[in-house]
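Reading through the structure tokens given below for one structure.
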Amino acid sequence: MADRVTVIGWDGSPLTDAARSALGAATLVAGAAHHLALPEVPPRAERIRLGSVALAARRIAQHRGTAVVLADGDPGFFGVVRTLRAPEYGLEVEVVPAVSSVAAAFARAGMPWDDARIVVAHSRDLRRAVNVCRAHTKVAVLTSPGAGPAELALLLDGVHRTFVICEELGTDREQVTVLTSDKAADHVWRDPNVVIVVGGSPGGAAAQGTGWLAGHDVGHPTGPRGWGLPAHAYGGVLGEGESVQLRTAQLARLGPQVGDLVWDIGAGAGAAAVEAARFGAAVIAVDAAPESCERTAALARRHGVQLQVVHGRAPQILEDLPEPDVVRVGGGGAEVVTACAARRPERIVTHAATRDEAESLGRALADGGYDVECALLQSVDLDTSAWVERERSVVFLLSGYRVPHP
């Protein structure tokens with residue numbers, strides 16, 4: 001095992017005395033090509049080109065001597081320190097930090113970043129990073145080959161954002177470019193780069209300047225507390241499938257979260273779409289009625305959330321939408337449920353007014369490869385001034401859970 005492992009962050013500025021001292025004593029140095037070319041690297045030290053951090057960690061664990069790992073930016077922020085400190089390697093790590101690439105990017109842009117979401121994008125899960133950019137007004141994306149500004153822009157199709165693209169920060173080839181997201185795919189970008197994605201309608205702490213929790217839009221003085229809110233929170237009477245009790249049960253089964261894309265098909269007045277967005281998920285609300293689309297967009301602005309409203313009739317309009325993680329079907333019947341099941345979201349929820357309709361929807365879910373759960377929900381709204389029944393609702397709630405492929 002290495003006698004000592006020092007991880008040195010490098011942001012392009014001259015190395016500190018502590019970094020120089022550790023590097024001068026190193027018998028093994030791991031880093032990218034531009035790190036290994038630094039004049040401070042001892043000529044007799046073993047050099048490891050840093051590709052897989054796990055492979056490097058195993059080699060360092062076997063080394064008898066003093067090891068140094070060089071990394072761009074702050075190595076403790078989405079960096080190599082996490083892997084090197086994994087129990088299986090048994091390494092004791094000292095860290096010499098540097099300015100993170102995210103902090104440097106926001107400094108170049110002249111923007112505060114305590115209210116920004118920060119995501120790492122890889123080609124295997126780029127869509128989740130894109131969903132965060134859909135749902136939030138300020139996001140820093142740490143890109144990777146195959147998951148860069150062009151790919152990010154292509155998947156954001158239909159959502160207007162501004163990109164601040166910071167290439168090769170801290171080097172003599174550093175460049176900062178500001179352009180709209182629809183133009184980003186027309187260029188070739190150099191790695192490494194950080195993309196700051198801004199846009200949408202600001203709300204919450206970012207708009208009020210009262211934020212206290214980094215990376216979260218909290219503290220809005222007029223924001224409602226809780227979820228499953230009553231009709232008056234959404235401006236009046238809601239549709240038949242948007243009652244508080246049904247909506248609460250649907251959202252509980254969907255479980256929307258940051259990084260998800262929610263389809264709300266037959267969004268109606270937009271209450272479910274807005275509440276899903278309040279959980280931090282990206283939402284596409286679809287409805288065939290123009291007035292419903294307008295009301296949903298207005299509710300989103302009122303509640304300070306980002307969502308995309310699509311006017312059209314399902315299932316035809318669904319063909320060009322990006323892949324969903326969870327889907328709420330507020331109307332359209334078995335045909336729409338079948339179309340949604342074909343896109344293989346993790347969960348689908350819908351409802352029915354009659355048993356025959358519930359059986360039809362349940363068959364569509366089962367035929368689409370979903371385990372089906374059905375519950376009969378009965379709720380009674382009471383007038384508490386006289387403790388008499390004001391309104392009664394009975395509805396079948398159907399939930400489909402995707403069956404994993406064997």
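Convention: chains lettered A, B, ... in structure tokens order; per-chain residue numbering from 1; ligands numbered from 1 as shown.
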Tell me, as a ChimeraX atom specification, which residues lie within 10 Å of Val309 of chain A, counting only C-alpha atoms; anything in the same chain fewer than 3 positions away does not count. /A:264,267,270,273,283-287,292-297,300,306,312
Could you please take those selected residues and save N, CA and C atoms as a CSV table (one decimal), in the first residue's frame?
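Generated file (out-v5.csv):
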chain,number,residue,atom,x,y,z
A,264,ASP,N,-48.2,14.3,-18.0
A,264,ASP,CA,-49.6,14.4,-17.5
A,264,ASP,C,-50.5,14.5,-18.7
A,267,ALA,N,-54.3,17.0,-18.9
A,267,ALA,CA,-53.9,17.7,-17.7
A,267,ALA,C,-55.0,18.5,-17.0
A,270,GLY,N,-54.6,21.6,-14.6
A,270,GLY,CA,-53.1,21.6,-14.4
A,270,GLY,C,-52.7,21.4,-12.9
A,273,ALA,N,-50.2,18.5,-12.7
A,273,ALA,CA,-48.9,18.8,-13.3
A,273,ALA,C,-48.1,19.8,-12.5
A,283,VAL,N,-41.9,18.2,-16.1
A,283,VAL,CA,-43.3,17.9,-16.5
A,283,VAL,C,-43.7,18.3,-17.8
A,284,ILE,N,-44.3,17.4,-18.6
A,284,ILE,CA,-44.9,17.8,-19.8
A,284,ILE,C,-46.4,17.6,-19.7
A,285,ALA,N,-47.2,18.7,-19.7
A,285,ALA,CA,-48.7,18.6,-19.5
A,285,ALA,C,-49.3,18.7,-20.9
A,286,VAL,N,-50.1,17.7,-21.2
A,286,VAL,CA,-50.8,17.5,-22.5
A,286,VAL,C,-52.3,17.6,-22.4
A,287,ASP,N,-52.9,18.5,-23.2
A,287,ASP,CA,-54.4,18.5,-23.2
A,287,ASP,C,-54.8,19.0,-24.6
A,292,SER,N,-57.5,24.7,-21.4
A,292,SER,CA,-56.8,23.9,-20.3
A,292,SER,C,-55.3,24.2,-20.4
A,293,CYS,N,-54.8,24.2,-21.6
A,293,CYS,CA,-53.3,24.5,-21.8
A,293,CYS,C,-53.0,25.9,-21.2
A,294,GLU,N,-53.8,26.8,-21.5
A,294,GLU,CA,-53.6,28.2,-21.0
A,294,GLU,C,-53.7,28.3,-19.5
A,295,ARG,N,-54.6,27.6,-19.0
A,295,ARG,CA,-54.8,27.6,-17.5
A,295,ARG,C,-53.6,26.9,-16.8
A,296,THR,N,-53.2,25.8,-17.4
A,296,THR,CA,-52.0,25.1,-16.8
A,296,THR,C,-50.8,25.9,-16.8
A,297,ALA,N,-50.5,26.6,-17.9
A,297,ALA,CA,-49.4,27.5,-18.0
A,297,ALA,C,-49.5,28.6,-17.0
A,300,ALA,N,-48.7,27.3,-13.5
A,300,ALA,CA,-47.3,27.1,-13.4
A,300,ALA,C,-46.6,28.4,-13.0
A,306,GLN,N,-41.5,25.2,-13.4
A,306,GLN,CA,-41.2,25.1,-14.8
A,306,GLN,C,-42.0,23.9,-15.3
A,312,GLY,N,-52.6,19.2,-27.8
A,312,GLY,CA,-52.8,18.2,-28.8
A,312,GLY,C,-53.6,17.0,-28.2
Name the residues of segment 110-305 of chain A that come out as helix (DSSP H, G or I) in a backbone DSSP run; write them as a VMD selection string. chain A and resid 123 to 135 149 to 155 181 to 184 204 to 208 231 to 234 240 to 242 244 to 254 271 to 278 290 to 303
Suppose you want the space between atom CA of Leu361 of chain A and atom CA of Ala334 of chain A; what is it in Å? 5.1 Å
If we count only C-alpha atoms and set the cut-off at 8 Å, which residues sit around Ala26 of chain A, ignoring sequence neighbours fewer than 2 positions away in its own chain? Please answer as a ChimeraX atom specification. /A:22-24,28-29,42,45,65-68
May I have the residues within 10 Å of segment 117-122 of chain A as an mmCIF file with all heavy atoms, in the first residue's frame, using only C-alpha atoms and disregarding those fewer than 4 positions away in the same chain?
data_model
loop_
_atom_site.group_PDB
_atom_site.id
_atom_site.type_symbol
_atom_site.label_atom_id
_atom_site.label_comp_id
_atom_site.auth_asym_id
_atom_site.auth_seq_id
_atom_site.Cartn_x
_atom_site.Cartn_y
_atom_site.Cartn_z
ATOM 1 N N PHE A 78 -17.574 16.061 -6.926
ATOM 2 C CA PHE A 78 -17.797 15.183 -8.073
ATOM 3 C C PHE A 78 -16.451 14.744 -8.673
ATOM 4 O O PHE A 78 -16.298 14.682 -9.895
ATOM 5 C CB PHE A 78 -18.642 15.869 -9.154
ATOM 6 C CG PHE A 78 -20.083 16.043 -8.770
ATOM 7 C CD1 PHE A 78 -20.591 17.299 -8.526
ATOM 8 C CD2 PHE A 78 -20.921 14.948 -8.658
ATOM 9 C CE1 PHE A 78 -21.930 17.469 -8.174
ATOM 10 C CE2 PHE A 78 -22.252 15.099 -8.309
ATOM 11 C CZ PHE A 78 -22.752 16.358 -8.062
ATOM 12 N N VAL A 102 -17.089 24.305 -11.509
ATOM 13 C CA VAL A 102 -18.408 24.939 -11.438
ATOM 14 C C VAL A 102 -18.280 26.362 -10.892
ATOM 15 O O VAL A 102 -18.849 27.313 -11.445
ATOM 16 C CB VAL A 102 -19.366 24.109 -10.566
ATOM 17 C CG1 VAL A 102 -20.677 24.860 -10.343
ATOM 18 C CG2 VAL A 102 -19.643 22.760 -11.209
ATOM 19 N N TRP A 113 -24.218 31.399 -7.649
ATOM 20 C CA TRP A 113 -24.572 30.004 -7.946
ATOM 21 C C TRP A 113 -25.055 29.215 -6.739
ATOM 22 O O TRP A 113 -25.217 28.001 -6.800
ATOM 23 C CB TRP A 113 -23.405 29.302 -8.632
ATOM 24 C CG TRP A 113 -22.118 29.179 -7.860
ATOM 25 C CD1 TRP A 113 -21.241 30.166 -7.564
ATOM 26 C CD2 TRP A 113 -21.558 27.972 -7.332
ATOM 27 N NE1 TRP A 113 -20.169 29.661 -6.877
ATOM 28 C CE2 TRP A 113 -20.330 28.315 -6.725
ATOM 29 C CE3 TRP A 113 -21.965 26.648 -7.316
ATOM 30 C CZ2 TRP A 113 -19.512 27.386 -6.097
ATOM 31 C CZ3 TRP A 113 -21.147 25.698 -6.700
ATOM 32 C CH2 TRP A 113 -19.935 26.073 -6.099
ATOM 33 N N LEU A 126 -27.807 10.830 -19.683
ATOM 34 C CA LEU A 126 -27.902 12.248 -20.028
ATOM 35 C C LEU A 126 -29.318 12.779 -19.866
ATOM 36 O O LEU A 126 -29.521 13.928 -19.463
ATOM 37 C CB LEU A 126 -27.406 12.470 -21.456
ATOM 38 C CG LEU A 126 -27.520 13.898 -22.011
ATOM 39 C CD1 LEU A 126 -26.728 14.872 -21.156
ATOM 40 C CD2 LEU A 126 -27.061 13.943 -23.457
ATOM 41 N N ARG A 127 -30.310 11.947 -20.166
ATOM 42 C CA ARG A 127 -31.686 12.424 -20.113
ATOM 43 C C ARG A 127 -32.077 12.904 -18.715
ATOM 44 O O ARG A 127 -32.885 13.830 -18.569
ATOM 45 C CB ARG A 127 -32.659 11.346 -20.590
ATOM 46 C CG ARG A 127 -32.617 10.037 -19.806
ATOM 47 C CD ARG A 127 -33.650 9.036 -20.326
ATOM 48 N NE ARG A 127 -34.993 9.554 -20.186
ATOM 49 C CZ ARG A 127 -35.697 9.465 -19.055
ATOM 50 N NH1 ARG A 127 -35.164 8.902 -17.971
ATOM 51 N NH2 ARG A 127 -36.911 9.933 -19.002
ATOM 52 N N ARG A 128 -31.503 12.329 -17.669
ATOM 53 C CA ARG A 128 -31.842 12.775 -16.320
ATOM 54 C C ARG A 128 -31.288 14.178 -16.066
ATOM 55 O O ARG A 128 -31.940 15.016 -15.430
ATOM 56 C CB ARG A 128 -31.344 11.783 -15.269
ATOM 57 C CG ARG A 128 -31.996 10.406 -15.389
ATOM 58 C CD ARG A 128 -31.806 9.568 -14.156
ATOM 59 N NE ARG A 128 -32.547 10.078 -13.020
ATOM 60 C CZ ARG A 128 -33.854 9.899 -12.821
ATOM 61 N NH1 ARG A 128 -34.580 9.227 -13.692
ATOM 62 N NH2 ARG A 128 -34.438 10.405 -11.754
ATOM 63 N N ALA A 129 -30.069 14.439 -16.574
ATOM 64 C CA ALA A 129 -29.520 15.793 -16.474
ATOM 65 C C ALA A 129 -30.383 16.777 -17.257
ATOM 66 O O ALA A 129 -30.630 17.903 -16.810
ATOM 67 C CB ALA A 129 -28.084 15.809 -16.983
ATOM 68 N N VAL A 130 -30.851 16.355 -18.430
ATOM 69 C CA VAL A 130 -31.723 17.199 -19.244
ATOM 70 C C VAL A 130 -33.018 17.502 -18.500
ATOM 71 O O VAL A 130 -33.530 18.632 -18.529
ATOM 72 C CB VAL A 130 -32.004 16.533 -20.597
ATOM 73 C CG1 VAL A 130 -33.082 17.291 -21.371
ATOM 74 C CG2 VAL A 130 -30.728 16.444 -21.428
ATOM 75 N N VAL A 132 -33.466 17.769 -15.344
ATOM 76 C CA VAL A 132 -33.202 18.797 -14.336
ATOM 77 C C VAL A 132 -33.176 20.179 -14.992
ATOM 78 O O VAL A 132 -33.697 21.147 -14.444
ATOM 79 C CB VAL A 132 -31.886 18.502 -13.598
ATOM 80 C CG1 VAL A 132 -31.556 19.621 -12.612
ATOM 81 C CG2 VAL A 132 -31.972 17.176 -12.844
ATOM 82 N N CYS A 133 -32.583 20.256 -16.180
ATOM 83 C CA CYS A 133 -32.559 21.539 -16.901
ATOM 84 C C CYS A 133 -33.958 21.963 -17.328
ATOM 85 O O CYS A 133 -34.246 23.171 -17.408
ATOM 86 C CB CYS A 133 -31.659 21.431 -18.136
ATOM 87 S SG CYS A 133 -29.918 21.153 -17.752
ATOM 88 N N HIS A 136 -35.688 23.341 -13.812
ATOM 89 C CA HIS A 136 -35.108 24.357 -12.953
ATOM 90 C C HIS A 136 -34.516 25.492 -13.789
ATOM 91 O O HIS A 136 -34.099 25.290 -14.926
ATOM 92 C CB HIS A 136 -34.055 23.740 -12.033
ATOM 93 C CG HIS A 136 -34.628 22.663 -11.161
ATOM 94 N ND1 HIS A 136 -35.284 22.930 -9.983
ATOM 95 C CD2 HIS A 136 -34.680 21.313 -11.326
ATOM 96 C CE1 HIS A 136 -35.710 21.797 -9.452
ATOM 97 N NE2 HIS A 136 -35.354 20.802 -10.249
ATOM 98 N N THR A 137 -34.458 26.669 -13.191
ATOM 99 C CA THR A 137 -34.086 27.868 -13.942
ATOM 100 C C THR A 137 -32.585 28.113 -14.020
ATOM 101 O O THR A 137 -32.139 28.932 -14.807
ATOM 102 C CB THR A 137 -34.744 29.117 -13.331
ATOM 103 O OG1 THR A 137 -34.329 29.241 -11.960
ATOM 104 C CG2 THR A 137 -36.259 29.016 -13.387
ATOM 105 N N LYS A 138 -31.805 27.414 -13.206
ATOM 106 C CA LYS A 138 -30.351 27.592 -13.241
ATOM 107 C C LYS A 138 -29.690 26.264 -12.883
ATOM 108 O O LYS A 138 -29.815 25.785 -11.755
ATOM 109 C CB LYS A 138 -29.908 28.686 -12.274
ATOM 110 C CG LYS A 138 -28.412 29.029 -12.361
ATOM 111 C CD LYS A 138 -27.979 29.991 -11.260
ATOM 112 C CE LYS A 138 -28.615 31.363 -11.414
ATOM 113 N NZ LYS A 138 -28.127 32.296 -10.349
ATOM 114 N N VAL A 139 -28.995 25.704 -13.855
ATOM 115 C CA VAL A 139 -28.374 24.383 -13.677
ATOM 116 C C VAL A 139 -26.967 24.423 -14.252
ATOM 117 O O VAL A 139 -26.757 24.923 -15.360
ATOM 118 C CB VAL A 139 -29.178 23.271 -14.391
ATOM 119 C CG1 VAL A 139 -28.539 21.899 -14.144
ATOM 120 C CG2 VAL A 139 -30.634 23.276 -13.929
ATOM 121 N N ALA A 140 -26.007 23.901 -13.512
ATOM 122 C CA ALA A 140 -24.658 23.706 -14.036
ATOM 123 C C ALA A 140 -24.501 22.236 -14.387
ATOM 124 O O ALA A 140 -24.777 21.357 -13.555
ATOM 125 C CB ALA A 140 -23.609 24.122 -13.017
ATOM 126 N N VAL A 141 -24.084 21.970 -15.615
ATOM 127 C CA VAL A 141 -23.929 20.593 -16.091
ATOM 128 C C VAL A 141 -22.449 20.316 -16.301
ATOM 129 O O VAL A 141 -21.789 20.956 -17.132
ATOM 130 C CB VAL A 141 -24.696 20.360 -17.403
ATOM 131 C CG1 VAL A 141 -24.586 18.891 -17.824
ATOM 132 C CG2 VAL A 141 -26.160 20.761 -17.252
ATOM 133 N N LEU A 142 -21.910 19.368 -15.542
ATOM 134 C CA LEU A 142 -20.550 18.883 -15.744
ATOM 135 C C LEU A 142 -20.628 17.811 -16.826
ATOM 136 O O LEU A 142 -21.140 16.722 -16.599
ATOM 137 C CB LEU A 142 -19.989 18.313 -14.440
ATOM 138 C CG LEU A 142 -19.756 19.348 -13.332
ATOM 139 C CD1 LEU A 142 -19.679 18.669 -11.973
ATOM 140 C CD2 LEU A 142 -18.484 20.121 -13.596
ATOM 141 N N THR A 143 -20.161 18.132 -18.010
ATOM 142 C CA THR A 143 -20.366 17.265 -19.164
ATOM 143 C C THR A 143 -19.268 16.206 -19.255
ATOM 144 O O THR A 143 -18.291 16.198 -18.496
ATOM 145 C CB THR A 143 -20.388 18.090 -20.452
ATOM 146 O OG1 THR A 143 -19.086 18.647 -20.670
ATOM 147 C CG2 THR A 143 -21.416 19.213 -20.366
ATOM 148 N N SER A 144 -19.430 15.314 -20.226
ATOM 149 C CA SER A 144 -18.440 14.286 -20.527
ATOM 150 C C SER A 144 -18.534 13.982 -22.015
ATOM 151 O O SER A 144 -19.522 14.349 -22.672
ATOM 152 C CB SER A 144 -18.703 13.022 -19.692
ATOM 153 O OG SER A 144 -19.975 12.472 -20.000
ATOM 154 N N PRO A 145 -17.534 13.323 -22.592
ATOM 155 C CA PRO A 145 -17.601 12.984 -24.025
ATOM 156 C C PRO A 145 -18.879 12.205 -24.347
ATOM 157 O O PRO A 145 -19.234 11.251 -23.658
ATOM 158 C CB PRO A 145 -16.347 12.127 -24.233
ATOM 159 C CG PRO A 145 -15.389 12.615 -23.193
ATOM 160 C CD PRO A 145 -16.240 12.931 -21.995
ATOM 161 N N GLY A 146 -19.590 12.650 -25.379
ATOM 162 C CA GLY A 146 -20.859 12.027 -25.747
ATOM 163 C C GLY A 146 -22.045 12.564 -24.982
ATOM 164 O O GLY A 146 -23.191 12.185 -25.256
ATOM 165 N N ALA A 147 -21.786 13.417 -24.019
ATOM 166 C CA ALA A 147 -22.861 14.041 -23.234
ATOM 167 C C ALA A 147 -22.479 15.492 -22.997
ATOM 168 O O ALA A 147 -22.345 15.947 -21.854
ATOM 169 C CB ALA A 147 -23.065 13.303 -21.921
ATOM 170 N N GLY A 148 -22.270 16.218 -24.101
ATOM 171 C CA GLY A 148 -21.813 17.598 -24.031
ATOM 172 C C GLY A 148 -22.894 18.593 -24.388
ATOM 173 O O GLY A 148 -24.091 18.260 -24.421
ATOM 174 N N LEU A 152 -26.912 17.847 -25.090
ATOM 175 C CA LEU A 152 -27.826 18.453 -24.115
ATOM 176 C C LEU A 152 -28.880 19.298 -24.826
ATOM 177 O O LEU A 152 -30.079 19.214 -24.533
ATOM 178 C CB LEU A 152 -27.005 19.316 -23.154
ATOM 179 C CG LEU A 152 -27.672 19.886 -21.913
ATOM 180 C CD1 LEU A 152 -28.039 18.775 -20.949
ATOM 181 C CD2 LEU A 152 -26.731 20.884 -21.234
ATOM 182 N N VAL A 194 -17.963 22.976 -19.012
ATOM 183 C CA VAL A 194 -19.087 23.095 -18.091
ATOM 184 C C VAL A 194 -20.142 23.944 -18.784
ATOM 185 O O VAL A 194 -19.812 24.966 -19.402
ATOM 186 C CB VAL A 194 -18.675 23.764 -16.763
ATOM 187 C CG1 VAL A 194 -19.881 23.936 -15.843
ATOM 188 C CG2 VAL A 194 -17.587 22.961 -16.068
ATOM 189 N N ILE A 196 -23.572 26.114 -18.168
ATOM 190 C CA ILE A 196 -24.567 26.723 -17.282
ATOM 191 C C ILE A 196 -25.829 26.927 -18.108
ATOM 192 O O ILE A 196 -25.804 27.588 -19.146
ATOM 193 C CB ILE A 196 -24.070 28.063 -16.723
ATOM 194 C CG1 ILE A 196 -22.777 27.870 -15.934
ATOM 195 C CG2 ILE A 196 -25.142 28.698 -15.842
ATOM 196 C CD1 ILE A 196 -22.141 29.165 -15.469
ATOM 197 N N VAL A 197 -26.925 26.326 -17.658
ATOM 198 C CA VAL A 197 -28.193 26.373 -18.375
ATOM 199 C C VAL A 197 -29.156 27.247 -17.573
ATOM 200 O O VAL A 197 -29.476 26.931 -16.424
ATOM 201 C CB VAL A 197 -28.783 24.961 -18.557
ATOM 202 C CG1 VAL A 197 -30.087 25.016 -19.356
ATOM 203 C CG2 VAL A 197 -27.770 24.049 -19.247
ATOM 204 N N ALA A 214 -28.483 25.882 -0.251
ATOM 205 C CA ALA A 214 -27.834 25.857 -1.558
ATOM 206 C C ALA A 214 -28.458 24.821 -2.464
ATOM 207 O O ALA A 214 -28.742 23.693 -2.051
ATOM 208 C CB ALA A 214 -26.336 25.566 -1.397
ATOM 209 N N GLY A 215 -28.675 25.206 -3.726
ATOM 210 C CA GLY A 215 -29.176 24.279 -4.722
ATOM 211 C C GLY A 215 -30.660 24.026 -4.674
ATOM 212 O O GLY A 215 -31.177 23.211 -5.433
ATOM 213 N N HIS A 216 -31.384 24.717 -3.806
ATOM 214 C CA HIS A 216 -32.819 24.482 -3.675
ATOM 215 C C HIS A 216 -33.570 25.803 -3.743
ATOM 216 O O HIS A 216 -33.123 26.816 -3.201
ATOM 217 C CB HIS A 216 -33.152 23.770 -2.360
ATOM 218 C CG HIS A 216 -32.708 22.356 -2.328
ATOM 219 N ND1 HIS A 216 -33.514 21.303 -2.705
ATOM 220 C CD2 HIS A 216 -31.517 21.806 -2.007
ATOM 221 C CE1 HIS A 216 -32.846 20.169 -2.590
ATOM 222 N NE2 HIS A 216 -31.634 20.453 -2.171
ATOM 223 N N ASP A 217 -34.716 25.748 -4.381
ATOM 224 C CA ASP A 217 -35.575 26.911 -4.509
ATOM 225 C C ASP A 217 -36.574 26.880 -3.364
ATOM 226 O O ASP A 217 -37.661 26.333 -3.477
ATOM 227 C CB ASP A 217 -36.286 26.862 -5.863
ATOM 228 C CG ASP A 217 -37.037 28.139 -6.166
ATOM 229 O OD1 ASP A 217 -36.787 29.137 -5.489
ATOM 230 O OD2 ASP A 217 -37.856 28.122 -7.095
ATOM 231 N N GLY A 259 -34.945 14.785 -11.627
ATOM 232 C CA GLY A 259 -34.368 13.917 -12.648
ATOM 233 C C GLY A 259 -35.394 13.143 -13.440
ATOM 234 O O GLY A 259 -35.077 12.589 -14.491
#
